[in-house]
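In what follows, a structure is listed as structure tokens, so that the remarks can point back to it.
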Amino acid sequence: VSKAAGTISTAVPPYFDPALISTFLLYDYVFWYTDQYPSLGIAQRTLFLYLQNGGKVLFSTTFLNGTDPRGALNDFAPIDSVCSAELAGTHPLPSPGDNRIPQNYTLYADSSVPTNVYPQLAFNSTPGGQAHNIFMRDVYKRSDARVIYRLQEDARPTRRYNAVDPTGGADTLRPKIAVVDGAGTIVFFGLPLHLLNNTDPQYGNPEGLVAFFRKIFTQHFSRFHKVDRRRF
């Protein structure tokens, strides 16, 4: 068993008990929140069917590595891949990712659609001003998807991270952090959201994550949306 490699226990049947998917179908939205070893194999088998039946998903995770040998992400997430650079220990700088993000660093929302702009977010302040030890990786969206958050340019004297734009765009300083698919059914966030509840308006917004969740669950995902429970 290796969550890091995307494999699951042999005790798990090749076809998941429909009860798991049926449990998801009790809800019109699913908030999937995981650690640095996301259970991609389970998400691949369950979220795909849930989305096919009209479900909506907010998926928040981080990646110790960018390994996805099963190609699970392509089955449910609006991204093609995640930066696979080695971020642990000593590594070349700058890199399209980092394992130490300073307090108060800002996530800027995409403004290309003026009528659909997300609230600004920022990393929480820390008691001693130390950096957050978290694996942040540049993510690469699918062709039909839209990047909705980028991390600010690294302002440290020695720049530790940058970004890669496979489309040849000019923004190679701000890593892509969050993506929404073209149909608006799944929002993929490549950071653990609990670290982004900064309510200082100088960096984030006065409501912190409250504003983000309101945007997701009452505006992006319609309050009147209902999952089709009859199709499964």
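Residues are named by chain letter and number: chains run A, B, ... in the order of the structure tokens, numbers start at 1 in each chain, and ligands are numbered from 1 in the order shown.
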Can you check which parts of segment 70-124 of chain A lie within 10 Å of segment 174-184 of chain A? Per residue, the shortest pair of atoms and distance in Å to one decimal, counting only C-alpha atoms, sorted by chain and number, as CSV.
residue,atom,partner,partner_atom,distance
A:Phe76,CA,A:Asp181,CA,9.7
A:Ala77,CA,A:Asp181,CA,7.8
A:Pro78,CA,A:Asp181,CA,4.9
A:Ile79,CA,A:Val179,CA,7.3
A:Val82,CA,A:Lys176,CA,9.9
A:Cys83,CA,A:Pro175,CA,10.0
A:Ser95,CA,A:Pro175,CA,10.0
A:Pro96,CA,A:Pro175,CA,6.8
A:Gly97,CA,A:Pro175,CA,7.3
A:Leu107,CA,A:Ile177,CA,8.2
A:Tyr108,CA,A:Arg174,CA,9.2
A:Ala109,CA,A:Ala178,CA,9.2
A:Asp110,CA,A:Ala178,CA,9.9
Residues from last step as file, C-alpha atoms, as a tab-separated table (two decimals), in the first residue's frame:
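The file below, part.tsv, is the result:
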chain	number	residue	atom	x	y	z
A	76	PHE	CA	-11.67	13.87	-12.09
A	77	ALA	CA	-9.51	16.99	-11.63
A	78	PRO	CA	-9.40	19.94	-14.07
A	79	ILE	CA	-5.61	19.70	-14.33
A	82	VAL	CA	1.37	18.78	-11.06
A	83	CYS	CA	4.96	20.01	-10.90
A	95	SER	CA	11.84	25.88	-8.69
A	96	PRO	CA	8.17	25.60	-9.77
A	97	GLY	CA	7.23	24.94	-6.16
A	107	LEU	CA	-3.04	34.40	-3.35
A	108	TYR	CA	-4.33	36.68	-6.07
A	109	ALA	CA	-7.62	35.80	-7.74
A	110	ASP	CA	-7.93	35.75	-11.51
Segment 156-168 of chain A surroundings by only C-alpha atoms, 10 Å radius, close-in-sequence under 5 positions cut, as number ranges by chain: A: 83, 91-102, 136-141, 143, 150-151, 173-176
Generate the output file for the selected residues, N, CA and C atoms, as a PDB file, in the first residue's frame.
ATOM      1  N   CYS A  83       3.506  19.916 -10.859  1.00  0.00           N
ATOM      2  CA  CYS A  83       4.963  20.015 -10.896  1.00  0.00           C
ATOM      3  C   CYS A  83       5.591  18.830 -10.174  1.00  0.00           C
ATOM      4  N   HIS A  91      17.560  21.701  -3.128  1.00  0.00           N
ATOM      5  CA  HIS A  91      17.158  21.543  -4.521  1.00  0.00           C
ATOM      6  C   HIS A  91      17.448  22.839  -5.270  1.00  0.00           C
ATOM      7  N   PRO A  92      17.551  22.775  -6.594  1.00  0.00           N
ATOM      8  CA  PRO A  92      17.866  23.975  -7.381  1.00  0.00           C
ATOM      9  C   PRO A  92      16.818  25.066  -7.188  1.00  0.00           C
ATOM     10  N   LEU A  93      17.283  26.309  -7.144  1.00  0.00           N
ATOM     11  CA  LEU A  93      16.395  27.458  -6.990  1.00  0.00           C
ATOM     12  C   LEU A  93      16.577  28.416  -8.167  1.00  0.00           C
ATOM     13  N   PRO A  94      15.509  29.096  -8.588  1.00  0.00           N
ATOM     14  CA  PRO A  94      14.123  28.865  -8.165  1.00  0.00           C
ATOM     15  C   PRO A  94      13.553  27.612  -8.815  1.00  0.00           C
ATOM     16  N   SER A  95      12.476  27.096  -8.215  1.00  0.00           N
ATOM     17  CA  SER A  95      11.841  25.878  -8.688  1.00  0.00           C
ATOM     18  C   SER A  95      10.339  26.129  -8.793  1.00  0.00           C
ATOM     19  N   PRO A  96       9.631  25.400  -9.661  1.00  0.00           N
ATOM     20  CA  PRO A  96       8.173  25.596  -9.768  1.00  0.00           C
ATOM     21  C   PRO A  96       7.424  24.988  -8.583  1.00  0.00           C
ATOM     22  N   GLY A  97       7.814  25.418  -7.402  1.00  0.00           N
ATOM     23  CA  GLY A  97       7.226  24.937  -6.162  1.00  0.00           C
ATOM     24  C   GLY A  97       8.188  25.199  -5.026  1.00  0.00           C
ATOM     25  N   ASP A  98       7.727  24.981  -3.799  1.00  0.00           N
ATOM     26  CA  ASP A  98       8.594  25.198  -2.642  1.00  0.00           C
ATOM     27  C   ASP A  98       8.005  24.465  -1.448  1.00  0.00           C
ATOM     28  N   ASN A  99       8.844  24.273  -0.415  1.00  0.00           N
ATOM     29  CA  ASN A  99       8.356  23.632   0.809  1.00  0.00           C
ATOM     30  C   ASN A  99       8.386  24.577   2.002  1.00  0.00           C
ATOM     31  N   ARG A 100       8.618  25.856   1.756  1.00  0.00           N
ATOM     32  CA  ARG A 100       8.565  26.868   2.817  1.00  0.00           C
ATOM     33  C   ARG A 100       7.952  28.142   2.235  1.00  0.00           C
ATOM     34  N   ILE A 101       6.742  28.461   2.680  1.00  0.00           N
ATOM     35  CA  ILE A 101       6.040  29.645   2.188  1.00  0.00           C
ATOM     36  C   ILE A 101       5.901  30.650   3.331  1.00  0.00           C
ATOM     37  N   PRO A 102       6.397  31.874   3.160  1.00  0.00           N
ATOM     38  CA  PRO A 102       6.339  32.866   4.240  1.00  0.00           C
ATOM     39  C   PRO A 102       4.914  33.199   4.665  1.00  0.00           C
ATOM     40  N   MET A 136       4.105  23.288  -1.760  1.00  0.00           N
ATOM     41  CA  MET A 136       3.358  24.051  -2.749  1.00  0.00           C
ATOM     42  C   MET A 136       3.930  23.723  -4.126  1.00  0.00           C
ATOM     43  N   ARG A 137       3.070  23.296  -5.047  1.00  0.00           N
ATOM     44  CA  ARG A 137       3.519  22.939  -6.391  1.00  0.00           C
ATOM     45  C   ARG A 137       2.695  23.667  -7.446  1.00  0.00           C
ATOM     46  N   ASP A 138       3.372  24.105  -8.483  1.00  0.00           N
ATOM     47  CA  ASP A 138       2.706  24.699  -9.634  1.00  0.00           C
ATOM     48  C   ASP A 138       1.837  23.625 -10.290  1.00  0.00           C
ATOM     49  N   VAL A 139       0.583  23.955 -10.611  1.00  0.00           N
ATOM     50  CA  VAL A 139      -0.306  22.993 -11.267  1.00  0.00           C
ATOM     51  C   VAL A 139      -0.588  23.462 -12.693  1.00  0.00           C
ATOM     52  N   TYR A 140      -0.841  22.492 -13.571  1.00  0.00           N
ATOM     53  CA  TYR A 140      -1.024  22.782 -14.987  1.00  0.00           C
ATOM     54  C   TYR A 140      -2.433  22.382 -15.398  1.00  0.00           C
ATOM     55  N   LYS A 141      -3.215  23.361 -15.787  1.00  0.00           N
ATOM     56  CA  LYS A 141      -4.639  23.160 -16.035  1.00  0.00           C
ATOM     57  C   LYS A 141      -4.908  22.400 -17.326  1.00  0.00           C
ATOM     58  N   SER A 143      -7.081  22.028 -20.864  1.00  0.00           N
ATOM     59  CA  SER A 143      -7.332  23.057 -21.875  1.00  0.00           C
ATOM     60  C   SER A 143      -8.662  23.767 -21.669  1.00  0.00           C
ATOM     61  N   ARG A 150      -3.416  32.445  -8.188  1.00  0.00           N
ATOM     62  CA  ARG A 150      -1.962  32.338  -8.316  1.00  0.00           C
ATOM     63  C   ARG A 150      -1.327  32.883  -7.043  1.00  0.00           C
ATOM     64  N   LEU A 151      -0.253  32.233  -6.614  1.00  0.00           N
ATOM     65  CA  LEU A 151       0.499  32.720  -5.463  1.00  0.00           C
ATOM     66  C   LEU A 151       1.356  33.902  -5.894  1.00  0.00           C
ATOM     67  N   LEU A 173       6.332  33.823 -12.804  1.00  0.00           N
ATOM     68  CA  LEU A 173       6.770  34.138 -11.447  1.00  0.00           C
ATOM     69  C   LEU A 173       5.737  33.755 -10.395  1.00  0.00           C
ATOM     70  N   ARG A 174       4.468  33.595 -10.790  1.00  0.00           N
ATOM     71  CA  ARG A 174       3.401  33.315  -9.828  1.00  0.00           C
ATOM     72  C   ARG A 174       2.825  31.918 -10.074  1.00  0.00           C
ATOM     73  N   PRO A 175       3.134  30.954  -9.210  1.00  0.00           N
ATOM     74  CA  PRO A 175       2.626  29.586  -9.392  1.00  0.00           C
ATOM     75  C   PRO A 175       1.105  29.535  -9.410  1.00  0.00           C
ATOM     76  N   LYS A 176       0.588  28.646 -10.230  1.00  0.00           N
ATOM     77  CA  LYS A 176      -0.854  28.428 -10.334  1.00  0.00           C
ATOM     78  C   LYS A 176      -1.275  27.480  -9.215  1.00  0.00           C
TER      79      LYS A 176
END
Hey, what's within 9 Å of Leu25 of chain A if we count only C-alpha atoms and toss same-chain stuff fewer than 4 positions away? As an mmCIF file with N, CA and C atoms, in the first residue's frame, please?
data_model
loop_
_atom_site.group_PDB
_atom_site.id
_atom_site.type_symbol
_atom_site.label_atom_id
_atom_site.label_comp_id
_atom_site.auth_asym_id
_atom_site.auth_seq_id
_atom_site.Cartn_x
_atom_site.Cartn_y
_atom_site.Cartn_z
ATOM 1 N N LEU A 20 -20.400 3.775 -0.991
ATOM 2 C CA LEU A 20 -19.554 4.957 -0.864
ATOM 3 C C LEU A 20 -20.024 6.058 -1.802
ATOM 4 N N ILE A 21 -20.269 5.685 -3.054
ATOM 5 C CA ILE A 21 -20.752 6.679 -4.015
ATOM 6 C C ILE A 21 -22.164 7.119 -3.648
ATOM 7 N N TYR A 29 -23.094 18.743 -2.826
ATOM 8 C CA TYR A 29 -21.700 19.166 -2.932
ATOM 9 C C TYR A 29 -20.848 18.299 -2.014
ATOM 10 N N TYR A 50 -19.498 10.363 -9.183
ATOM 11 C CA TYR A 50 -20.287 11.392 -8.503
ATOM 12 C C TYR A 50 -20.472 12.610 -9.406
ATOM 13 N N ASN A 53 -22.913 12.166 -12.178
ATOM 14 C CA ASN A 53 -24.309 12.186 -11.750
ATOM 15 C C ASN A 53 -24.746 13.564 -11.255
ATOM 16 N N GLY A 54 -23.971 14.576 -11.593
ATOM 17 C CA GLY A 54 -24.376 15.942 -11.281
ATOM 18 C C GLY A 54 -23.804 16.515 -10.012
ATOM 19 N N GLY A 55 -22.887 15.793 -9.351
ATOM 20 C CA GLY A 55 -22.293 16.312 -8.128
ATOM 21 C C GLY A 55 -21.343 17.465 -8.393
ATOM 22 N N VAL A 227 -28.246 17.203 -7.104
ATOM 23 C CA VAL A 227 -27.620 16.074 -7.767
ATOM 24 C C VAL A 227 -28.698 15.097 -8.233
ATOM 25 N N ASP A 228 -28.447 14.404 -9.341
ATOM 26 C CA ASP A 228 -29.408 13.437 -9.878
ATOM 27 C C ASP A 228 -29.161 12.083 -9.217
ATOM 28 N N ARG A 229 -29.898 11.794 -8.170
ATOM 29 C CA ARG A 229 -29.690 10.566 -7.406
ATOM 30 C C ARG A 229 -30.317 9.345 -8.075
ATOM 31 N N PHE A 232 -27.860 6.587 -10.515
ATOM 32 C CA PHE A 232 -26.863 5.613 -10.045
ATOM 33 C C PHE A 232 -27.553 4.386 -9.447
#
Those in segment 35-100 of chain A with helix (DSSP H, G or I) from DSSP, as JSON, numbers by chain: {"A": [40, 41, 42, 43, 44, 45, 46, 47, 48, 49, 50, 51, 52, 73, 74, 75, 76]}
All strand (DSSP E or B) residues (DSSP, backbone) inside segment 93-196 of chain A, as an NGL selection string: :A and (95 or 97-98 or 101 or 106-109 or 121-122 or 132 or 136-137 or 139-141 or 146-151 or 161 or 176-180 or 186-189)
Please dump the current selection as a PDB file, in the first residue's frame; keep C-alpha atoms.
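What ended up in part.pdb:
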ATOM      1  CA  SER A  95      11.841  25.878  -8.688  1.00  0.00           C
ATOM      2  CA  GLY A  97       7.226  24.937  -6.162  1.00  0.00           C
ATOM      3  CA  ASP A  98       8.594  25.198  -2.642  1.00  0.00           C
ATOM      4  CA  ILE A 101       6.040  29.645   2.188  1.00  0.00           C
ATOM      5  CA  THR A 106      -1.018  36.482  -0.907  1.00  0.00           C
ATOM      6  CA  LEU A 107      -3.041  34.395  -3.349  1.00  0.00           C
ATOM      7  CA  TYR A 108      -4.333  36.680  -6.074  1.00  0.00           C
ATOM      8  CA  ALA A 109      -7.618  35.802  -7.741  1.00  0.00           C
ATOM      9  CA  LEU A 121      -6.697  34.930   0.161  1.00  0.00           C
ATOM     10  CA  ALA A 122      -3.415  34.855   2.065  1.00  0.00           C
ATOM     11  CA  HIS A 132       4.735  27.551   6.630  1.00  0.00           C
ATOM     12  CA  MET A 136       3.358  24.051  -2.749  1.00  0.00           C
ATOM     13  CA  ARG A 137       3.519  22.939  -6.391  1.00  0.00           C
ATOM     14  CA  VAL A 139      -0.306  22.993 -11.267  1.00  0.00           C
ATOM     15  CA  TYR A 140      -1.024  22.782 -14.987  1.00  0.00           C
ATOM     16  CA  LYS A 141      -4.639  23.160 -16.035  1.00  0.00           C
ATOM     17  CA  ARG A 146      -9.468  28.253 -15.804  1.00  0.00           C
ATOM     18  CA  VAL A 147      -6.831  29.187 -13.236  1.00  0.00           C
ATOM     19  CA  ILE A 148      -8.581  31.072 -10.416  1.00  0.00           C
ATOM     20  CA  TYR A 149      -5.677  31.649  -7.982  1.00  0.00           C
ATOM     21  CA  ARG A 150      -1.962  32.338  -8.316  1.00  0.00           C
ATOM     22  CA  LEU A 151       0.499  32.720  -5.463  1.00  0.00           C
ATOM     23  CA  TYR A 161       9.990  29.528  -6.480  1.00  0.00           C
ATOM     24  CA  LYS A 176      -0.854  28.428 -10.334  1.00  0.00           C
ATOM     25  CA  ILE A 177      -2.596  27.178  -7.199  1.00  0.00           C
ATOM     26  CA  ALA A 178      -6.307  26.670  -7.920  1.00  0.00           C
ATOM     27  CA  VAL A 179      -8.216  25.656 -11.048  1.00  0.00           C
ATOM     28  CA  VAL A 180     -11.880  25.241 -11.995  1.00  0.00           C
ATOM     29  CA  ILE A 186     -15.048  20.888  -9.627  1.00  0.00           C
ATOM     30  CA  VAL A 187     -12.678  23.377  -8.027  1.00  0.00           C
ATOM     31  CA  PHE A 188      -9.192  21.968  -7.430  1.00  0.00           C
ATOM     32  CA  PHE A 189      -7.076  23.734  -4.791  1.00  0.00           C
TER      33      PHE A 189
END
Atomic distance atom CA of Leu51 of chain A - atom CA of Thr185 of chain A, expressed in Å with one decimal: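 For atom CA of Leu51 of chain A relative to atom CA of Thr185 of chain A, the distance reads 7.1 Å.
Checking A:Glu207, A:Asp80, A:Asp200, A:Asp75 one by one against Thr46 of chain A, counting only C-alpha atoms, you find the shortest gap at A:Asp75.
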Spatial neighbours of segment 125-129 of chain A, max dist 7 Å, only C-alpha atoms, sep filter under 2 positions, as an MDAnalysis selection string: chainID A and resid 103:104 123 131 198
